[in-house]
Amino acid sequence: MTAGSEPSLSTSGVRFPVKLVPVPSKDTGPQILEEFALTGQIAIVTGGNGGLGLEFAIVLAELGAKVYAIDLNSTPSSDFAAAVKYVKRLGSSLEYRSSDVSRQEVISATIGQIASENDGKIHVCVAAAGILGPEIDCTDYPADMFQKIMDVNCSGVFFTAQAVAKLMKREEIAGSIILIASMSGSVTNREMLYSPYNISKSAVIQMARSMACELGPAGIRVNSLSPGHIRTKLTAALLDVQPATEAFWASLNPLGRIGAVHELRGVIAWLASDASTFCTGSDIIVSGGHTIW
Ligand SMILES: NC(=O)c1ccc[n+]([C@@H]2O[C@H](COP(=O)([O-])OP(=O)(O)OC[C@H]3O[C@@H](n4cnc5c(N)ncnc54)[C@H](O)[C@@H]3O)[C@@H](O)[C@H]2O)c1
């Protein structure tokens, strides 16, 4: 494509429409912000009433997407209500839908309903619903608790991604699917007894690779995002009762602190948008360097 020309469909033999961003030049001016824009796109975020999910939903709305947050509660939190007001002021929209990602027909119907309200289209999916489960020695982990973690963290992410991918294929949308895994899918948290959680997150990383291979020919990208320790409801349940754990976790990465929710804003914007069109099947670790020691 020549500098300064409009974005167009690729004719270079690829089997799906690719929007190419013009090569920056003196005439076109900087293009980088345009590459991140999600103007007019439809996005869904599961776990969207939670710490990371709600922040992800806000980021996508800030970039111009119409966002649907999906979570278990019949009504969302007061934080969510505040986010809706903020997003409205920006001229975007953030809506809430109650659903259960661990039940295939239920989450598929919720996603189908959102698509049907938007000409069948969904462009971005962030599968962030997840649970930690209790801390129990691996030799004693009860079967029902193990199953529950797999149902939400593994099956739930798969059911979400498959429902969205089906719609993207039908509508020929070269969309972006982001599966929220964890650094615990690649390394084991020292002195923490959370084997089922870690196992479920390894599965999510492999899920992104496998789905990326199957969906690549349709132009659909699937990546996993693996955060390190971030303070949210999920980790607060532990940190609030064991304050020494936060100092311990902080000591395990070169930056010497745990992360904050807003420190994942940039990576979600990048993965969701045309700023990352050649990235698929990758696991992006954002852990303050926890995994490099
Ligand atoms: N906080 C961290 O340090 C951290 C680190 C790595 C990965 N993660 C992952 O990030 C994701 C978000 O975690 P968070 O820290 O925001 O936790 P959170 O507890 O604040 O949010 C998780 C949300 O998922 C929802 N959820 C649980 N089961 C569900 C179901 N069956 N259907 C629909 N929604 C359901 C919960 O209601 C909750 O709102 C999770 O997948 C988690 O494993 C978190």
# chains A, B, ... in the order shown; residues from 1 in each chain; ligands from 1

$ closest_atom_pairs --of "chain A" --to "ligand 1" --cutoff "7 Å" --atoms "only C-alpha atoms and all ligand atoms" --output "tab-separated table"
residue	atom	partner	partner_atom_place_in_ligand_line	distance
A:Thr46	CA	ligand 1	34 (N)	6.0
A:Gly47	CA	ligand 1	24 (O)	3.6
A:Gly48	CA	ligand 1	39 (O)	6.1
A:Asn49	CA	ligand 1	39 (O)	4.4
A:Gly50	CA	ligand 1	39 (O)	3.4
A:Gly51	CA	ligand 1	16 (O)	3.7
A:Leu52	CA	ligand 1	16 (O)	3.7
A:Gly53	CA	ligand 1	16 (O)	5.5
A:Ile70	CA	ligand 1	33 (C)	6.4
A:Asp71	CA	ligand 1	34 (N)	3.9
A:Leu72	CA	ligand 1	33 (C)	4.4
A:Asn73	CA	ligand 1	37 (O)	6.6
A:Ser99	CA	ligand 1	33 (C)	5.8
A:Asp100	CA	ligand 1	32 (N)	3.6
A:Val101	CA	ligand 1	32 (N)	4.1
A:Ser102	CA	ligand 1	31 (N)	4.9
A:Ala128	CA	ligand 1	11 (C)	4.4
A:Ala129	CA	ligand 1	24 (O)	3.5
A:Gly130	CA	ligand 1	41 (O)	3.6
A:Ile131	CA	ligand 1	27 (C)	5.5
A:Leu132	CA	ligand 1	43 (O)	6.2
A:Val152	CA	ligand 1	31 (N)	5.1
A:Asn153	CA	ligand 1	41 (O)	6.4
A:Gly156	CA	ligand 1	31 (N)	6.7
A:Ile180	CA	ligand 1	41 (O)	5.3
A:Ala181	CA	ligand 1	7 (C)	5.6
A:Ser182	CA	ligand 1	6 (C)	4.0
A:Met183	CA	ligand 1	6 (C)	6.2
A:Ser226	CA	ligand 1	6 (C)	5.9
A:Pro227	CA	ligand 1	6 (C)	4.3
A:Gly228	CA	ligand 1	5 (C)	4.9
A:His229	CA	ligand 1	3 (O)	3.8
A:Ile230	CA	ligand 1	3 (O)	3.5
A:Arg231	CA	ligand 1	1 (N)	5.5
A:Thr232	CA	ligand 1	15 (O)	4.7
A:Lys233	CA	ligand 1	20 (O)	4.1
A:Leu234	CA	ligand 1	19 (O)	3.8
A:Thr235	CA	ligand 1	1 (N)	5.4

$ residues_around --residues "Leu193 of chain A" --least-positions-apart "3" --cutoff "6 Å" --atoms "only C-alpha atoms" --output "PDB file with N, CA, C and O atoms, in the first residue's frame"
ATOM      1  N   GLU A 135      -7.314 -22.470  48.672  1.00  0.00           N
ATOM      2  CA  GLU A 135      -5.934 -22.957  48.730  1.00  0.00           C
ATOM      3  C   GLU A 135      -5.913 -24.265  49.520  1.00  0.00           C
ATOM      4  O   GLU A 135      -6.151 -24.277  50.728  1.00  0.00           O
ATOM      5  N   ILE A 136      -5.659 -25.369  48.820  1.00  0.00           N
ATOM      6  CA  ILE A 136      -5.664 -26.702  49.442  1.00  0.00           C
ATOM      7  C   ILE A 136      -4.524 -27.518  48.828  1.00  0.00           C
ATOM      8  O   ILE A 136      -4.272 -27.430  47.618  1.00  0.00           O
ATOM      9  N   ASP A 137      -3.874 -28.286  49.649  1.00  0.00           N
ATOM     10  CA  ASP A 137      -2.800 -29.167  49.183  1.00  0.00           C
ATOM     11  C   ASP A 137      -3.301 -30.040  48.021  1.00  0.00           C
ATOM     12  O   ASP A 137      -4.428 -30.544  48.059  1.00  0.00           O
TER      13      ASP A 137
END

$ residues_around --residues "segment 165-167 of chain A" --least-positions-apart "4" --cutoff "9 Å" --atoms "only C-alpha atoms" --output "list of chain:residue names"
A:Gly112, A:Ala115, A:Gly120, A:Lys121, A:Ile122, A:Thr160, A:Ala161, A:Glu171, A:Glu172, A:Ile173, A:Gly175, A:Ile177, A:Leu215, A:Ile220

$ write_last_selection --atoms "C-alpha atoms" --output "CSV table (one decimal), in the first residue's frame"
chain,number,residue,atom,x,y,z
A,112,GLY,CA,-26.0,-14.6,20.3
A,115,ALA,CA,-24.9,-10.1,18.3
A,120,GLY,CA,-25.0,-10.2,14.0
A,121,LYS,CA,-21.6,-8.6,14.7
A,122,ILE,CA,-19.0,-8.9,17.4
A,160,THR,CA,-17.1,-17.9,25.3
A,161,ALA,CA,-14.5,-17.9,22.6
A,171,GLU,CA,-20.0,-12.5,9.5
A,172,GLU,CA,-16.4,-12.7,8.0
A,173,ILE,CA,-15.1,-10.5,10.7
A,175,GLY,CA,-11.8,-10.0,15.0
A,177,ILE,CA,-10.3,-12.8,20.9
A,215,LEU,CA,-9.2,-19.6,13.2
A,220,ILE,CA,-9.6,-14.3,13.5

$ select_by_dssp --residues "segment 45-128 of chain A" --states "helix (DSSP H, G or I)" --output "PyMOL selection string"
chain A and resi 51-62+78-89+104-116

$ closest_residue --among "A:Thr291, A:Met150, A:Ala65, A:Ala272" --to "Cys125 of chain A" --atoms "only C-alpha atoms"
A:Ala272

$ atom_distance --atom1 "atom CA of Ser92 of chain A" --atom2 "atom CA of Glu62 of chain A"
7.2 Å

$ closest_residue --among "A:Gly29, A:Gly281, A:Gly219, A:Gly289" --to "Pro254 of chain A" --atoms "only C-alpha atoms"
A:Gly289

$ closest_residue --among "A:Asp119, A:Glu214, A:Glu95, A:Glu191" --to "Trp249 of chain A" --atoms "only C-alpha atoms"
A:Glu191

$ atom_distance --atom1 "atom CA of Gly256 of chain A" --atom2 "atom CA of Tyr194 of chain A"
22.4 Å

$ atom_distance --atom1 "atom CA of Gln147 of chain A" --atom2 "atom CA of Tyr96 of chain A"
27.2 Å

$ select_by_dssp --residues "segment 114-286 of chain A" --states "strand (DSSP E)" --output "PyMOL selection string"
chain A and resi 124-127+176-180+221-227+283-286

$ write_last_selection --atoms "C-alpha atoms" --output "mmCIF file, in the first residue's frame"
data_model
loop_
_atom_site.group_PDB
_atom_site.id
_atom_site.type_symbol
_atom_site.label_atom_id
_atom_site.label_comp_id
_atom_site.auth_asym_id
_atom_site.auth_seq_id
_atom_site.Cartn_x
_atom_site.Cartn_y
_atom_site.Cartn_z
ATOM 1 C CA VAL A 124 -13.645 -8.049 20.067
ATOM 2 C CA CYS A 125 -13.979 -10.620 22.850
ATOM 3 C CA VAL A 126 -12.166 -10.598 26.171
ATOM 4 C CA ALA A 127 -12.783 -13.775 28.187
ATOM 5 C CA SER A 176 -9.661 -10.312 18.072
ATOM 6 C CA ILE A 177 -10.283 -12.808 20.868
ATOM 7 C CA ILE A 178 -8.292 -12.354 24.068
ATOM 8 C CA LEU A 179 -8.280 -15.154 26.635
ATOM 9 C CA ILE A 180 -7.253 -14.083 30.132
ATOM 10 C CA ARG A 221 -6.779 -13.707 16.036
ATOM 11 C CA VAL A 222 -6.695 -15.486 19.398
ATOM 12 C CA ASN A 223 -4.121 -14.564 22.042
ATOM 13 C CA SER A 224 -3.826 -15.106 25.767
ATOM 14 C CA LEU A 225 -2.929 -12.395 28.254
ATOM 15 C CA SER A 226 -1.172 -13.605 31.394
ATOM 16 C CA PRO A 227 -1.087 -11.077 34.221
ATOM 17 C CA ASP A 283 0.819 -15.524 25.355
ATOM 18 C CA ILE A 284 1.576 -11.992 26.542
ATOM 19 C CA ILE A 285 2.944 -12.046 30.089
ATOM 20 C CA VAL A 286 2.603 -8.816 32.097
#

$ decode --residues "segment 23-128 of chain A" --atoms "C-alpha atoms" --output "compact mmCIF listing (two decimals), in the first residue's frame"
# COMPACT_ATOMS: atom_id res chain seq x y z
CA VAL A 23 2.13 3.64 6.20
CA PRO A 24 2.83 6.84 8.19
CA SER A 25 4.27 9.69 6.16
CA LYS A 26 4.68 13.43 6.35
CA ASP A 27 1.38 13.75 4.43
CA THR A 28 -0.78 11.42 6.52
CA GLY A 29 0.65 12.46 9.89
CA PRO A 30 0.94 10.06 12.81
CA GLN A 31 -1.24 6.94 12.45
CA ILE A 32 -0.52 5.19 15.72
CA LEU A 33 -3.60 6.41 17.59
CA GLU A 34 -5.80 5.46 14.63
CA GLU A 35 -4.41 1.92 14.80
CA PHE A 36 -5.76 1.60 18.34
CA ALA A 37 -9.24 2.95 17.55
CA LEU A 38 -12.24 0.62 17.92
CA THR A 39 -14.77 3.09 16.62
CA GLY A 40 -18.04 1.39 15.69
CA GLN A 41 -16.92 -2.03 16.89
CA ILE A 42 -18.86 -4.35 19.21
CA ALA A 43 -16.94 -5.82 22.14
CA ILE A 44 -17.84 -8.28 24.88
CA VAL A 45 -15.98 -8.80 28.16
CA THR A 46 -16.81 -11.72 30.45
CA GLY A 47 -16.09 -11.21 34.13
CA GLY A 48 -16.94 -7.60 33.29
CA ASN A 49 -18.22 -6.86 36.79
CA GLY A 50 -14.84 -7.85 38.26
CA GLY A 51 -11.60 -5.96 38.82
CA LEU A 52 -9.78 -6.66 35.57
CA GLY A 53 -12.87 -7.25 33.43
CA LEU A 54 -14.43 -3.89 34.25
CA GLU A 55 -11.16 -2.07 33.55
CA PHE A 56 -10.88 -3.91 30.20
CA ALA A 57 -14.48 -2.92 29.37
CA ILE A 58 -13.71 0.73 30.12
CA VAL A 59 -10.58 0.66 27.93
CA LEU A 60 -12.48 -0.79 24.97
CA ALA A 61 -15.23 1.83 25.42
CA GLU A 62 -12.61 4.61 25.61
CA LEU A 63 -11.32 3.38 22.24
CA GLY A 64 -14.81 3.78 20.78
CA ALA A 65 -16.32 0.29 21.00
CA LYS A 66 -19.86 -0.44 22.11
CA VAL A 67 -19.14 -2.74 25.04
CA TYR A 68 -21.18 -5.49 26.70
CA ALA A 69 -19.95 -6.72 30.07
CA ILE A 70 -21.09 -10.21 31.04
CA ASP A 71 -20.98 -11.55 34.59
CA LEU A 72 -22.83 -13.78 37.05
CA ASN A 73 -24.68 -11.26 39.24
CA SER A 74 -28.18 -10.33 38.14
CA THR A 75 -27.26 -6.66 38.62
CA PRO A 76 -23.78 -5.14 38.46
CA SER A 77 -21.83 -3.33 41.20
CA SER A 78 -21.84 0.38 42.06
CA ASP A 79 -18.36 0.57 40.45
CA PHE A 80 -19.95 -0.69 37.25
CA ALA A 81 -22.72 1.93 37.47
CA ALA A 82 -20.05 4.64 37.84
CA ALA A 83 -18.21 3.25 34.81
CA VAL A 84 -21.41 3.38 32.74
CA LYS A 85 -21.77 7.10 33.55
CA TYR A 86 -18.11 7.77 32.69
CA VAL A 87 -18.36 5.89 29.39
CA LYS A 88 -21.58 7.74 28.49
CA ARG A 89 -19.79 11.07 28.96
CA LEU A 90 -17.24 9.88 26.37
CA GLY A 91 -20.05 9.17 23.90
CA SER A 92 -19.56 5.38 24.07
CA SER A 93 -21.77 2.75 25.66
CA LEU A 94 -21.31 0.06 28.29
CA GLU A 95 -24.12 -2.40 28.97
CA TYR A 96 -24.42 -5.27 31.42
CA ARG A 97 -25.70 -8.80 30.76
CA SER A 98 -26.03 -11.50 33.38
CA SER A 99 -24.87 -14.95 32.26
CA ASP A 100 -22.85 -17.99 33.32
CA VAL A 101 -19.81 -18.76 31.16
CA SER A 102 -19.59 -22.31 32.51
CA ARG A 103 -22.91 -23.28 30.88
CA GLN A 104 -22.43 -23.61 27.13
CA GLU A 105 -26.05 -23.01 26.03
CA VAL A 106 -26.47 -20.11 28.44
CA ILE A 107 -23.34 -18.13 27.45
CA SER A 108 -23.86 -18.97 23.79
CA ALA A 109 -27.43 -17.59 23.97
CA THR A 110 -26.23 -14.42 25.73
CA ILE A 111 -23.56 -13.79 23.11
CA GLY A 112 -26.03 -14.62 20.31
CA GLN A 113 -28.51 -12.12 21.74
CA ILE A 114 -25.86 -9.35 21.89
CA ALA A 115 -24.88 -10.09 18.29
CA SER A 116 -28.49 -10.09 17.11
CA GLU A 117 -28.91 -6.59 18.56
CA ASN A 118 -25.88 -5.47 16.53
CA ASP A 119 -26.49 -6.83 13.01
CA GLY A 120 -24.95 -10.17 14.00
CA LYS A 121 -21.58 -8.60 14.69
CA ILE A 122 -19.00 -8.93 17.44
CA HIS A 123 -15.46 -7.68 16.75
CA VAL A 124 -13.65 -8.05 20.07
CA CYS A 125 -13.98 -10.62 22.85
CA VAL A 126 -12.17 -10.60 26.17
CA ALA A 127 -12.78 -13.77 28.19
CA ALA A 128 -11.85 -12.64 31.71
